[in-house]
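**Q** Handing you this structure, nothing more for now.
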Amino acid sequence: MATSDVDGNKYRSYLTPEDLKTTQWNAGPPDYAVVDKLFEEGRTKVWPAGSLEEYVQNLVKTWEMELVHKANPDEYKTLDAKNFVLGINGKKYFSLEEIGKIGGSYNVFLQTSLPPKLRFYDPDEETYDSSQTAFKEVFPRGFALEVIQVYSGPPQIAYKYRHWGYMEGSYKDSPPTGELIEFFGMAIFELNEESKVVKVEFFHDRGELLAGLIKDKPSDTASTGCPFMA
């Protein structure tokens, strides 16, 4: 995979003007201008051009773009749509079909085994549209991603990542705080002989994200035990 496309996005492949016109998108072509600015202003690493770290970071960003925004799996370029599976914290693995049924990326990444009454964010109750709307409101400038360390290269890529954004919008009855919210995790990408992703495993604590969203939540609504672990 090219690290970026000529006349396209600096950090994601397959976003040339021609790609934007001809690709089937879930909700129109994605615009990364604002979140890329947030990324450039807040990143802690600037990887050299052509380095393994730059390759991995751009692969992950391109993979995420395709998974979230492309409507037709036949147009995925970074992954093997027929054999791809994604797992969270060493538990259940989801096929592309299953990811679609449960509402896409946020609902996969925020899977939990907590009882429903303890869930501040309940992926079983959210759809693709509701989850995308909720987090776009919370993070109007987006939720940036950087790779901060790469432990091994392809075909089995292991890396540490950081996500961050500023809570400049409300979430449910939690008001905006303007504060930085970030969380860290580890991931493993397994590539086949065609350098397409066939398996992804993420390891993270979703409470790192959700705790920041409920820090200023009124106390009378936080009566479900330990909501920061929801």
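Naming scheme: A, B, ... for chains in displayed order of the structure tokens; residues 1 onward per chain; ligands 1 onward as shown.
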Give me the residues within 9 Å of Pro140 (chain A) as a compact mmCIF listing (two decimals) with N, CA and C atoms, in the first residue's frame, counting only C-alpha atoms and dropping any in the same chain fewer than 4 places off.
**A**
```
# COMPACT_ATOMS: atom_id res chain seq x y z
N VAL A 34 -10.05 18.68 9.08
CA VAL A 34 -10.08 19.19 10.46
C VAL A 34 -9.34 18.24 11.40
N VAL A 35 -9.63 16.94 11.30
CA VAL A 35 -8.98 16.00 12.22
C VAL A 35 -7.49 15.86 11.88
N PHE A 135 -20.55 10.82 18.65
CA PHE A 135 -19.13 11.13 18.83
C PHE A 135 -18.69 12.31 17.96
N LYS A 136 -19.38 12.58 16.87
CA LYS A 136 -19.09 13.79 16.10
C LYS A 136 -19.51 15.02 16.89
N GLY A 165 -8.89 13.64 21.58
CA GLY A 165 -9.75 14.71 21.08
C GLY A 165 -10.11 15.62 22.23
N TYR A 166 -10.85 16.68 21.93
CA TYR A 166 -11.28 17.62 22.96
C TYR A 166 -12.80 17.59 23.06
N MET A 167 -13.30 17.45 24.29
CA MET A 167 -14.75 17.36 24.50
C MET A 167 -15.36 18.75 24.38
N GLU A 168 -15.58 19.16 23.14
CA GLU A 168 -16.12 20.48 22.85
C GLU A 168 -17.61 20.44 22.55
N GLY A 169 -18.21 19.27 22.71
CA GLY A 169 -19.65 19.10 22.57
C GLY A 169 -20.16 18.25 23.71
```
**Q** For Asn26 (chain A), please output as a list of chain:residue names all residues within 9 Å (counting only C-alpha atoms; exclusion window: fewer than 2 positions along the same chain).
**A**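 Non-adjacent residues within range: A:Gln24, A:Gly28, A:Pro29, A:Val68, A:His69, A:Lys70, A:Ala71, A:Asn72.
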**Q** Would you export the selected residues with N, CA, C and O atoms as a compact mmCIF listing (two decimals), in the first residue's frame, please?
**A**
```txt
# COMPACT_ATOMS: atom_id res chain seq x y z
N GLN A 24 -18.29 4.11 -3.51
CA GLN A 24 -19.59 4.12 -2.83
C GLN A 24 -19.35 4.39 -1.34
O GLN A 24 -18.73 3.58 -0.66
N GLY A 28 -21.51 9.91 2.04
CA GLY A 28 -20.73 10.87 1.29
C GLY A 28 -19.24 10.73 1.57
O GLY A 28 -18.84 10.11 2.56
N PRO A 29 -18.40 11.31 0.72
CA PRO A 29 -16.94 11.20 0.90
C PRO A 29 -16.49 11.80 2.23
O PRO A 29 -16.98 12.86 2.64
N VAL A 68 -14.97 2.36 8.12
CA VAL A 68 -16.02 3.25 8.60
C VAL A 68 -16.83 3.86 7.46
O VAL A 68 -18.06 3.97 7.55
N HIS A 69 -16.18 4.24 6.37
CA HIS A 69 -16.84 5.09 5.39
C HIS A 69 -17.23 4.41 4.08
O HIS A 69 -18.13 4.90 3.39
N LYS A 70 -16.58 3.32 3.71
CA LYS A 70 -16.92 2.69 2.43
C LYS A 70 -18.13 1.78 2.58
O LYS A 70 -18.20 0.96 3.49
N ALA A 71 -19.08 1.93 1.66
CA ALA A 71 -20.32 1.17 1.74
C ALA A 71 -20.23 -0.21 1.10
O ALA A 71 -20.97 -1.12 1.47
N ASN A 72 -19.32 -0.39 0.16
CA ASN A 72 -19.21 -1.64 -0.59
C ASN A 72 -17.90 -2.34 -0.24
O ASN A 72 -16.83 -1.89 -0.62
```
**Q** Which residues are close to Val85 (chain A), i.e. within 6 Å by only C-alpha atoms, leaving aside same-chain residues fewer than 2 positions away? Reply as a ChimeraX atom specification.
**A** /A:93-95,199
**Q** To one decimal place in Å, what is the distance between CA of Tyr159 (chain A) and CA of Leu15 (chain A)?
**A**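 One can read the CA of Tyr159 (chain A) to CA of Leu15 (chain A) distance as 24.3 Å.
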**Q** Check the smallest atom-to-atom distance from each of A:Leu38, A:Val108, A:Ile157, A:Val138 to Lys196 (chain A) using only C-alpha atoms, then report the winner.
**A**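 The closest residue to Lys196 (chain A) is A:Ile157.
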**Q** Which residues of region 68-89 of chain A come within 9 Å of region 57-63 of chain A, and what is each one's closest atom pair and distance in Å (one decimal), counting only C-alpha atoms, sorted by chain and residue number, as JSON lines?
**A**
```
{"residue": "A:Val68", "atom": "CA", "partner": "A:Trp63", "partner_atom": "CA", "distance": 8.6}
{"residue": "A:Tyr76", "atom": "CA", "partner": "A:Trp63", "partner_atom": "CA", "distance": 8.4}
{"residue": "A:Lys77", "atom": "CA", "partner": "A:Trp63", "partner_atom": "CA", "distance": 8.3}
{"residue": "A:Thr78", "atom": "CA", "partner": "A:Trp63", "partner_atom": "CA", "distance": 5.8}
{"residue": "A:Leu79", "atom": "CA", "partner": "A:Trp63", "partner_atom": "CA", "distance": 7.3}
```
**Q** Which of chain A counts as strand (DSSP E) under DSSP, as a VMD selection string please?
**A** chain A and resid 85 to 88 93 to 95 144 to 152 156 to 166 180 to 191 197 to 204
**Q** Determine which residues of region 74-202 of chain A DSSP labels as alpha helix (DSSP H) from the backbone of this structure, then write them out as an mmCIF file with all heavy atoms, in the first residue's frame.
**A**
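This went into part.cif:
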```cif
data_model
loop_
_atom_site.group_PDB
_atom_site.id
_atom_site.type_symbol
_atom_site.label_atom_id
_atom_site.label_comp_id
_atom_site.auth_asym_id
_atom_site.auth_seq_id
_atom_site.Cartn_x
_atom_site.Cartn_y
_atom_site.Cartn_z
ATOM 1 N N LEU A 96 -16.882 -9.018 8.847
ATOM 2 C CA LEU A 96 -17.413 -7.767 8.316
ATOM 3 C C LEU A 96 -18.931 -7.731 8.379
ATOM 4 O O LEU A 96 -19.524 -6.689 8.684
ATOM 5 C CB LEU A 96 -16.947 -7.576 6.866
ATOM 6 C CG LEU A 96 -15.551 -7.012 6.640
ATOM 7 C CD1 LEU A 96 -15.269 -6.919 5.151
ATOM 8 C CD2 LEU A 96 -15.390 -5.647 7.300
ATOM 9 N N GLU A 97 -19.559 -8.849 8.104
ATOM 10 C CA GLU A 97 -21.023 -8.906 8.175
ATOM 11 C C GLU A 97 -21.512 -8.619 9.591
ATOM 12 O O GLU A 97 -22.466 -7.858 9.801
ATOM 13 C CB GLU A 97 -21.524 -10.272 7.710
ATOM 14 C CG GLU A 97 -23.037 -10.395 7.712
ATOM 15 C CD GLU A 97 -23.526 -11.745 7.221
ATOM 16 O OE1 GLU A 97 -22.675 -12.614 6.916
ATOM 17 O OE2 GLU A 97 -24.756 -11.939 7.150
ATOM 18 N N GLU A 98 -20.853 -9.208 10.569
ATOM 19 C CA GLU A 98 -21.247 -8.988 11.955
ATOM 20 C C GLU A 98 -20.978 -7.553 12.397
ATOM 21 O O GLU A 98 -21.773 -6.953 13.145
ATOM 22 C CB GLU A 98 -20.518 -9.970 12.869
ATOM 23 C CG GLU A 98 -20.979 -11.406 12.698
ATOM 24 C CD GLU A 98 -20.082 -12.399 13.421
ATOM 25 O OE1 GLU A 98 -18.842 -12.187 13.444
ATOM 26 O OE2 GLU A 98 -20.622 -13.385 13.950
ATOM 27 N N ILE A 99 -19.858 -6.975 11.936
ATOM 28 C CA ILE A 99 -19.556 -5.573 12.254
ATOM 29 C C ILE A 99 -20.670 -4.669 11.735
ATOM 30 O O ILE A 99 -21.116 -3.746 12.425
ATOM 31 C CB ILE A 99 -18.194 -5.173 11.654
ATOM 32 C CG1 ILE A 99 -17.066 -5.898 12.388
ATOM 33 C CG2 ILE A 99 -17.990 -3.655 11.729
ATOM 34 C CD1 ILE A 99 -15.711 -5.744 11.721
ATOM 35 N N GLY A 100 -21.135 -4.947 10.522
ATOM 36 C CA GLY A 100 -22.224 -4.159 9.957
ATOM 37 C C GLY A 100 -23.512 -4.293 10.751
ATOM 38 O O GLY A 100 -24.229 -3.310 10.983
ATOM 39 N N LYS A 101 -23.801 -5.495 11.216
ATOM 40 C CA LYS A 101 -25.047 -5.729 11.947
ATOM 41 C C LYS A 101 -25.083 -5.024 13.298
ATOM 42 O O LYS A 101 -26.144 -4.601 13.764
ATOM 43 C CB LYS A 101 -25.255 -7.232 12.144
ATOM 44 C CG LYS A 101 -25.670 -7.979 10.885
ATOM 45 C CD LYS A 101 -25.862 -9.463 11.163
ATOM 46 C CE LYS A 101 -26.307 -10.201 9.918
ATOM 47 N NZ LYS A 101 -26.463 -11.663 10.160
ATOM 48 N N SER A 105 -17.897 0.757 13.653
ATOM 49 C CA SER A 105 -16.658 0.825 14.424
ATOM 50 C C SER A 105 -16.833 1.123 15.903
ATOM 51 O O SER A 105 -16.298 0.403 16.755
ATOM 52 C CB SER A 105 -15.726 1.869 13.798
ATOM 53 O OG SER A 105 -16.325 3.143 13.788
ATOM 54 N N TYR A 106 -17.531 2.205 16.266
ATOM 55 C CA TYR A 106 -17.648 2.541 17.687
ATOM 56 C C TYR A 106 -18.305 1.407 18.467
ATOM 57 O O TYR A 106 -17.912 1.101 19.596
ATOM 58 C CB TYR A 106 -18.450 3.830 17.876
ATOM 59 C CG TYR A 106 -17.671 5.082 17.592
ATOM 60 C CD1 TYR A 106 -17.995 5.899 16.508
ATOM 61 C CD2 TYR A 106 -16.601 5.469 18.403
ATOM 62 C CE1 TYR A 106 -17.279 7.048 16.238
ATOM 63 C CE2 TYR A 106 -15.876 6.625 18.141
ATOM 64 C CZ TYR A 106 -16.220 7.409 17.059
ATOM 65 O OH TYR A 106 -15.503 8.549 16.789
ATOM 66 N N ASN A 107 -19.306 0.785 17.886
ATOM 67 C CA ASN A 107 -20.009 -0.287 18.587
ATOM 68 C C ASN A 107 -19.164 -1.545 18.716
ATOM 69 O O ASN A 107 -19.422 -2.370 19.597
ATOM 70 C CB ASN A 107 -21.327 -0.604 17.886
ATOM 71 C CG ASN A 107 -22.351 0.493 18.085
ATOM 72 O OD1 ASN A 107 -22.238 1.298 19.010
ATOM 73 N ND2 ASN A 107 -23.346 0.541 17.218
ATOM 74 N N VAL A 108 -18.173 -1.697 17.865
ATOM 75 C CA VAL A 108 -17.233 -2.807 18.016
ATOM 76 C C VAL A 108 -16.169 -2.457 19.048
ATOM 77 O O VAL A 108 -15.907 -3.211 19.985
ATOM 78 C CB VAL A 108 -16.563 -3.155 16.670
ATOM 79 C CG1 VAL A 108 -15.492 -4.219 16.865
ATOM 80 C CG2 VAL A 108 -17.600 -3.650 15.680
ATOM 81 N N PHE A 109 -15.562 -1.273 18.907
ATOM 82 C CA PHE A 109 -14.460 -0.882 19.789
ATOM 83 C C PHE A 109 -14.917 -0.696 21.234
ATOM 84 O O PHE A 109 -14.114 -0.828 22.156
ATOM 85 C CB PHE A 109 -13.812 0.404 19.296
ATOM 86 C CG PHE A 109 -13.169 0.271 17.940
ATOM 87 C CD1 PHE A 109 -13.307 1.255 16.989
ATOM 88 C CD2 PHE A 109 -12.436 -0.859 17.613
ATOM 89 C CE1 PHE A 109 -12.727 1.128 15.736
ATOM 90 C CE2 PHE A 109 -11.852 -0.998 16.375
ATOM 91 C CZ PHE A 109 -11.994 0.005 15.429
ATOM 92 N N TYR A 128 -25.202 2.475 13.686
ATOM 93 C CA TYR A 128 -24.107 3.181 13.017
ATOM 94 C C TYR A 128 -24.348 4.682 13.041
ATOM 95 O O TYR A 128 -23.469 5.460 13.427
ATOM 96 C CB TYR A 128 -23.971 2.691 11.571
ATOM 97 C CG TYR A 128 -22.993 3.508 10.758
ATOM 98 C CD1 TYR A 128 -21.629 3.234 10.784
ATOM 99 C CD2 TYR A 128 -23.438 4.573 9.957
ATOM 100 C CE1 TYR A 128 -20.720 3.992 10.045
ATOM 101 C CE2 TYR A 128 -22.537 5.338 9.223
ATOM 102 C CZ TYR A 128 -21.189 5.042 9.271
ATOM 103 O OH TYR A 128 -20.303 5.808 8.551
ATOM 104 N N ASP A 129 -25.561 5.100 12.655
ATOM 105 C CA ASP A 129 -25.863 6.530 12.572
ATOM 106 C C ASP A 129 -25.837 7.190 13.942
ATOM 107 O O ASP A 129 -25.276 8.284 14.100
ATOM 108 C CB ASP A 129 -27.234 6.749 11.922
ATOM 109 C CG ASP A 129 -27.224 6.443 10.430
ATOM 110 O OD1 ASP A 129 -26.141 6.516 9.816
ATOM 111 O OD2 ASP A 129 -28.298 6.128 9.880
ATOM 112 N N SER A 130 -26.431 6.551 14.952
ATOM 113 C CA SER A 130 -26.483 7.182 16.277
ATOM 114 C C SER A 130 -25.095 7.282 16.903
ATOM 115 O O SER A 130 -24.771 8.285 17.552
ATOM 116 C CB SER A 130 -27.432 6.412 17.205
ATOM 117 O OG SER A 130 -26.912 5.140 17.558
ATOM 118 N N SER A 131 -24.261 6.275 16.706
ATOM 119 C CA SER A 131 -22.917 6.328 17.282
ATOM 120 C C SER A 131 -22.058 7.374 16.589
ATOM 121 O O SER A 131 -21.329 8.128 17.244
ATOM 122 C CB SER A 131 -22.255 4.948 17.210
ATOM 123 O OG SER A 131 -22.048 4.544 15.867
ATOM 124 N N GLN A 132 -22.141 7.435 15.260
ATOM 125 C CA GLN A 132 -21.375 8.447 14.532
ATOM 126 C C GLN A 132 -21.824 9.859 14.916
ATOM 127 O O GLN A 132 -20.995 10.752 15.145
ATOM 128 C CB GLN A 132 -21.543 8.245 13.020
ATOM 129 C CG GLN A 132 -20.871 7.006 12.465
ATOM 130 C CD GLN A 132 -19.353 7.103 12.474
ATOM 131 O OE1 GLN A 132 -18.791 8.129 12.121
ATOM 132 N NE2 GLN A 132 -18.696 6.042 12.890
ATOM 133 N N THR A 133 -23.130 10.052 15.044
ATOM 134 C CA THR A 133 -23.658 11.364 15.419
ATOM 135 C C THR A 133 -23.208 11.755 16.820
ATOM 136 O O THR A 133 -22.794 12.895 17.064
ATOM 137 C CB THR A 133 -25.198 11.363 15.352
ATOM 138 O OG1 THR A 133 -25.609 11.106 13.997
ATOM 139 C CG2 THR A 133 -25.769 12.701 15.801
ATOM 140 N N ALA A 134 -23.271 10.813 17.763
ATOM 141 C CA ALA A 134 -22.918 11.102 19.150
ATOM 142 C C ALA A 134 -21.467 11.539 19.281
ATOM 143 O O ALA A 134 -21.166 12.555 19.932
ATOM 144 C CB ALA A 134 -23.174 9.872 20.021
ATOM 145 N N PHE A 135 -20.549 10.815 18.652
ATOM 146 C CA PHE A 135 -19.133 11.135 18.828
ATOM 147 C C PHE A 135 -18.690 12.314 17.965
ATOM 148 O O PHE A 135 -17.743 13.016 18.332
ATOM 149 C CB PHE A 135 -18.281 9.899 18.597
ATOM 150 C CG PHE A 135 -18.325 8.951 19.759
ATOM 151 C CD1 PHE A 135 -19.167 7.848 19.750
ATOM 152 C CD2 PHE A 135 -17.558 9.192 20.885
ATOM 153 C CE1 PHE A 135 -19.229 6.996 20.847
ATOM 154 C CE2 PHE A 135 -17.614 8.338 21.985
ATOM 155 C CZ PHE A 135 -18.453 7.241 21.965
ATOM 156 N N LYS A 136 -19.380 12.577 16.866
ATOM 157 C CA LYS A 136 -19.086 13.795 16.104
ATOM 158 C C LYS A 136 -19.509 15.024 16.891
ATOM 159 O O LYS A 136 -18.886 16.090 16.781
ATOM 160 C CB LYS A 136 -19.792 13.756 14.751
ATOM 161 C CG LYS A 136 -19.134 12.819 13.744
ATOM 162 C CD LYS A 136 -19.892 12.797 12.421
ATOM 163 C CE LYS A 136 -19.234 11.848 11.435
ATOM 164 N NZ LYS A 136 -19.995 11.775 10.160
ATOM 165 N N GLU A 137 -20.579 14.887 17.679
ATOM 166 C CA GLU A 137 -21.003 16.012 18.517
ATOM 167 C C GLU A 137 -20.028 16.221 19.671
ATOM 168 O O GLU A 137 -19.669 17.354 20.002
ATOM 169 C CB GLU A 137 -22.413 15.764 19.065
ATOM 170 C CG GLU A 137 -22.935 16.918 19.915
ATOM 171 C CD GLU A 137 -24.375 16.739 20.352
ATOM 172 O OE1 GLU A 137 -25.085 15.906 19.742
ATOM 173 O OE2 GLU A 137 -24.801 17.433 21.294
ATOM 174 N N VAL A 138 -19.594 15.133 20.294
ATOM 175 C CA VAL A 138 -18.651 15.243 21.414
ATOM 176 C C VAL A 138 -17.320 15.820 20.948
ATOM 177 O O VAL A 138 -16.751 16.701 21.598
ATOM 178 C CB VAL A 138 -18.415 13.858 22.055
ATOM 179 C CG1 VAL A 138 -17.306 13.941 23.097
ATOM 180 C CG2 VAL A 138 -19.687 13.358 22.712
#
```
**Q** Using Å and a single decimal, report how far CA of Ala187 (chain A) sits from CA of Phe203 (chain A).
**A**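 Straight-line distance from CA of Phe203 (chain A) to CA of Ala187 (chain A) works out to 6.1 Å.
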**Q** Of the residues A:Lys91, A:Lys215, A:Lys82, A:Lys45, which is the one nearest to Tyr171 (chain A), using only C-alpha atoms?
**A**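 Counting only C-alpha atoms, the residue closest to Tyr171 (chain A) is A:Lys215.
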**Q** Asn9 (chain A): which residues within 12 Å, counting only C-alpha atoms, same-chain residues fewer than 4 positions away excluded, as a compact mmCIF listing (two decimals) with all heavy atoms, in the first residue's frame?
**A**
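Everything below was put into selection_36.txt:
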```txt
# COMPACT_ATOMS: atom_id res chain seq x y z
N ALA A 2 0.58 2.18 -0.85
CA ALA A 2 1.32 3.43 -0.85
C ALA A 2 1.05 4.18 0.44
O ALA A 2 -0.01 4.08 1.03
CB ALA A 2 0.89 4.28 -2.05
N THR A 3 2.06 4.93 0.90
CA THR A 3 1.88 5.67 2.14
C THR A 3 0.84 6.76 1.97
O THR A 3 0.16 7.14 2.91
CB THR A 3 3.20 6.26 2.62
OG1 THR A 3 3.76 7.07 1.58
CG2 THR A 3 4.18 5.16 2.99
N SER A 4 0.71 7.33 0.79
CA SER A 4 -0.33 8.30 0.50
C SER A 4 -0.45 8.40 -1.01
O SER A 4 0.41 7.93 -1.75
CB SER A 4 -0.02 9.67 1.11
OG SER A 4 1.17 10.18 0.57
N ASP A 5 -1.54 9.00 -1.47
CA ASP A 5 -1.75 9.11 -2.90
C ASP A 5 -1.47 10.53 -3.38
O ASP A 5 -1.76 11.50 -2.68
CB ASP A 5 -3.20 8.75 -3.25
CG ASP A 5 -3.48 7.27 -3.05
OD1 ASP A 5 -2.56 6.46 -3.24
OD2 ASP A 5 -4.62 6.94 -2.71
N SER A 13 -4.36 6.38 1.96
CA SER A 13 -4.41 6.07 0.54
C SER A 13 -5.85 5.98 0.06
O SER A 13 -6.79 5.92 0.86
CB SER A 13 -3.68 4.76 0.26
OG SER A 13 -2.30 4.88 0.57
N TYR A 14 -6.01 5.98 -1.27
CA TYR A 14 -7.31 5.77 -1.92
C TYR A 14 -8.30 6.89 -1.63
O TYR A 14 -9.51 6.65 -1.52
CB TYR A 14 -7.89 4.40 -1.52
CG TYR A 14 -6.86 3.30 -1.53
CD1 TYR A 14 -6.60 2.55 -0.39
CD2 TYR A 14 -6.10 3.04 -2.68
CE1 TYR A 14 -5.63 1.56 -0.38
CE2 TYR A 14 -5.13 2.05 -2.68
CZ TYR A 14 -4.90 1.32 -1.53
OH TYR A 14 -3.93 0.35 -1.52
N LEU A 15 -7.78 8.13 -1.55
CA LEU A 15 -8.65 9.29 -1.39
C LEU A 15 -8.30 10.37 -2.41
O LEU A 15 -8.37 11.57 -2.11
CB LEU A 15 -8.54 9.86 0.04
CG LEU A 15 -9.22 9.05 1.15
CD1 LEU A 15 -8.93 9.66 2.52
CD2 LEU A 15 -10.73 8.97 0.93
N THR A 16 -7.93 9.95 -3.61
CA THR A 16 -7.69 10.91 -4.69
C THR A 16 -9.03 11.51 -5.12
O THR A 16 -10.10 10.97 -4.80
CB THR A 16 -7.03 10.23 -5.89
OG1 THR A 16 -7.96 9.28 -6.45
CG2 THR A 16 -5.74 9.53 -5.49
N PRO A 17 -9.01 12.61 -5.85
CA PRO A 17 -10.28 13.17 -6.36
C PRO A 17 -11.10 12.13 -7.14
O PRO A 17 -12.33 12.11 -7.03
CB PRO A 17 -9.81 14.31 -7.28
CG PRO A 17 -8.53 14.77 -6.65
CD PRO A 17 -7.86 13.51 -6.15
N ASP A 19 -11.03 8.84 -6.63
CA ASP A 19 -11.58 7.92 -5.64
C ASP A 19 -12.81 8.51 -4.97
O ASP A 19 -13.82 7.83 -4.74
CB ASP A 19 -10.54 7.60 -4.56
CG ASP A 19 -9.38 6.76 -5.06
OD1 ASP A 19 -9.63 5.88 -5.91
OD2 ASP A 19 -8.25 6.98 -4.60
N LEU A 20 -12.74 9.79 -4.62
CA LEU A 20 -13.85 10.44 -3.93
C LEU A 20 -15.11 10.43 -4.80
O LEU A 20 -16.23 10.33 -4.28
CB LEU A 20 -13.47 11.87 -3.55
CG LEU A 20 -12.34 12.02 -2.54
CD1 LEU A 20 -12.03 13.49 -2.30
CD2 LEU A 20 -12.71 11.35 -1.21
N PRO A 30 -15.58 11.15 2.93
CA PRO A 30 -15.09 11.70 4.20
C PRO A 30 -14.17 12.89 3.97
O PRO A 30 -13.44 12.94 2.98
CB PRO A 30 -14.33 10.53 4.82
CG PRO A 30 -13.86 9.72 3.64
CD PRO A 30 -14.96 9.85 2.61
N ASP A 31 -14.20 13.85 4.89
CA ASP A 31 -13.34 15.02 4.83
C ASP A 31 -12.47 15.01 6.09
O ASP A 31 -12.97 15.20 7.20
CB ASP A 31 -14.17 16.29 4.77
CG ASP A 31 -13.31 17.55 4.61
OD1 ASP A 31 -12.07 17.44 4.75
OD2 ASP A 31 -13.88 18.62 4.38
N TYR A 32 -11.18 14.80 5.92
CA TYR A 32 -10.27 14.65 7.06
C TYR A 32 -9.48 15.93 7.37
O TYR A 32 -8.56 15.90 8.19
CB TYR A 32 -9.29 13.50 6.80
CG TYR A 32 -9.93 12.14 6.93
CD1 TYR A 32 -10.31 11.41 5.81
CD2 TYR A 32 -10.15 11.58 8.19
CE1 TYR A 32 -10.88 10.15 5.93
CE2 TYR A 32 -10.73 10.33 8.32
CZ TYR A 32 -11.10 9.62 7.19
OH TYR A 32 -11.67 8.38 7.32
N ALA A 33 -9.83 17.04 6.74
CA ALA A 33 -9.04 18.26 6.91
C ALA A 33 -8.95 18.70 8.37
O ALA A 33 -7.87 19.05 8.87
CB ALA A 33 -9.62 19.39 6.05
N VAL A 35 -9.63 16.94 11.30
CA VAL A 35 -8.98 16.00 12.22
C VAL A 35 -7.49 15.86 11.88
O VAL A 35 -6.67 15.63 12.79
CB VAL A 35 -9.68 14.63 12.21
CG1 VAL A 35 -9.40 13.85 10.94
CG2 VAL A 35 -9.28 13.81 13.44
N ASP A 36 -7.11 16.02 10.63
CA ASP A 36 -5.68 15.97 10.30
C ASP A 36 -4.95 17.17 10.90
O ASP A 36 -3.78 17.06 11.31
CB ASP A 36 -5.48 15.94 8.78
CG ASP A 36 -5.75 14.55 8.19
OD1 ASP A 36 -5.92 13.59 8.98
OD2 ASP A 36 -5.80 14.44 6.95
N ASN A 58 -0.02 4.96 8.46
CA ASN A 58 -0.86 5.24 7.30
C ASN A 58 -1.74 4.05 6.93
O ASN A 58 -2.88 4.22 6.48
CB ASN A 58 -0.01 5.67 6.11
CG ASN A 58 0.61 7.04 6.32
OD1 ASN A 58 0.38 7.69 7.33
ND2 ASN A 58 1.40 7.49 5.36
N LYS A 61 -4.66 4.15 9.44
CA LYS A 61 -5.60 5.23 9.11
C LYS A 61 -6.41 4.91 7.85
O LYS A 61 -7.61 5.19 7.79
CB LYS A 61 -4.83 6.54 8.92
CG LYS A 61 -4.31 7.17 10.22
CD LYS A 61 -3.48 8.42 9.92
CE LYS A 61 -2.94 9.06 11.19
NZ LYS A 61 -3.98 9.81 11.92
N THR A 62 -5.76 4.30 6.86
CA THR A 62 -6.47 3.94 5.63
C THR A 62 -7.46 2.82 5.90
O THR A 62 -8.60 2.85 5.42
CB THR A 62 -5.47 3.53 4.53
OG1 THR A 62 -4.54 4.59 4.32
CG2 THR A 62 -6.19 3.23 3.23
N MET A 65 -10.45 4.24 7.64
CA MET A 65 -11.27 4.99 6.69
C MET A 65 -12.16 4.07 5.88
O MET A 65 -13.37 4.32 5.73
CB MET A 65 -10.35 5.82 5.77
CG MET A 65 -11.06 6.57 4.65
SD MET A 65 -11.35 5.59 3.14
CE MET A 65 -9.67 5.32 2.56
```
**Q** Near Glu182 (chain A), within 8 Å and counting only C-alpha atoms, which residues show up once chain neighbours fewer than 5 positions away are dropped, as a PDB file with C-alpha atoms, in the first residue's frame?
**A**
```
ATOM      1  CA  ARG A 162      -2.911   6.881  21.092  1.00  0.00           C
ATOM      2  CA  HIS A 163      -6.352   8.371  20.382  1.00  0.00           C
ATOM      3  CA  TRP A 164      -7.258  11.889  21.494  1.00  0.00           C
ATOM      4  CA  GLY A 165      -9.746  14.707  21.081  1.00  0.00           C
ATOM      5  CA  GLU A 208     -10.323   5.577  29.527  1.00  0.00           C
ATOM      6  CA  LEU A 209     -12.518   7.172  26.875  1.00  0.00           C
TER       7      LEU A 209
END
```
**Q** With only C-alpha atoms as the atoms that count, which of A:Val150, A:Tyr161, A:Phe202, A:Gly212 lies nearest to Ser51 (chain A)?
**A**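 Under the stated criterion, the closest residue is A:Val150.
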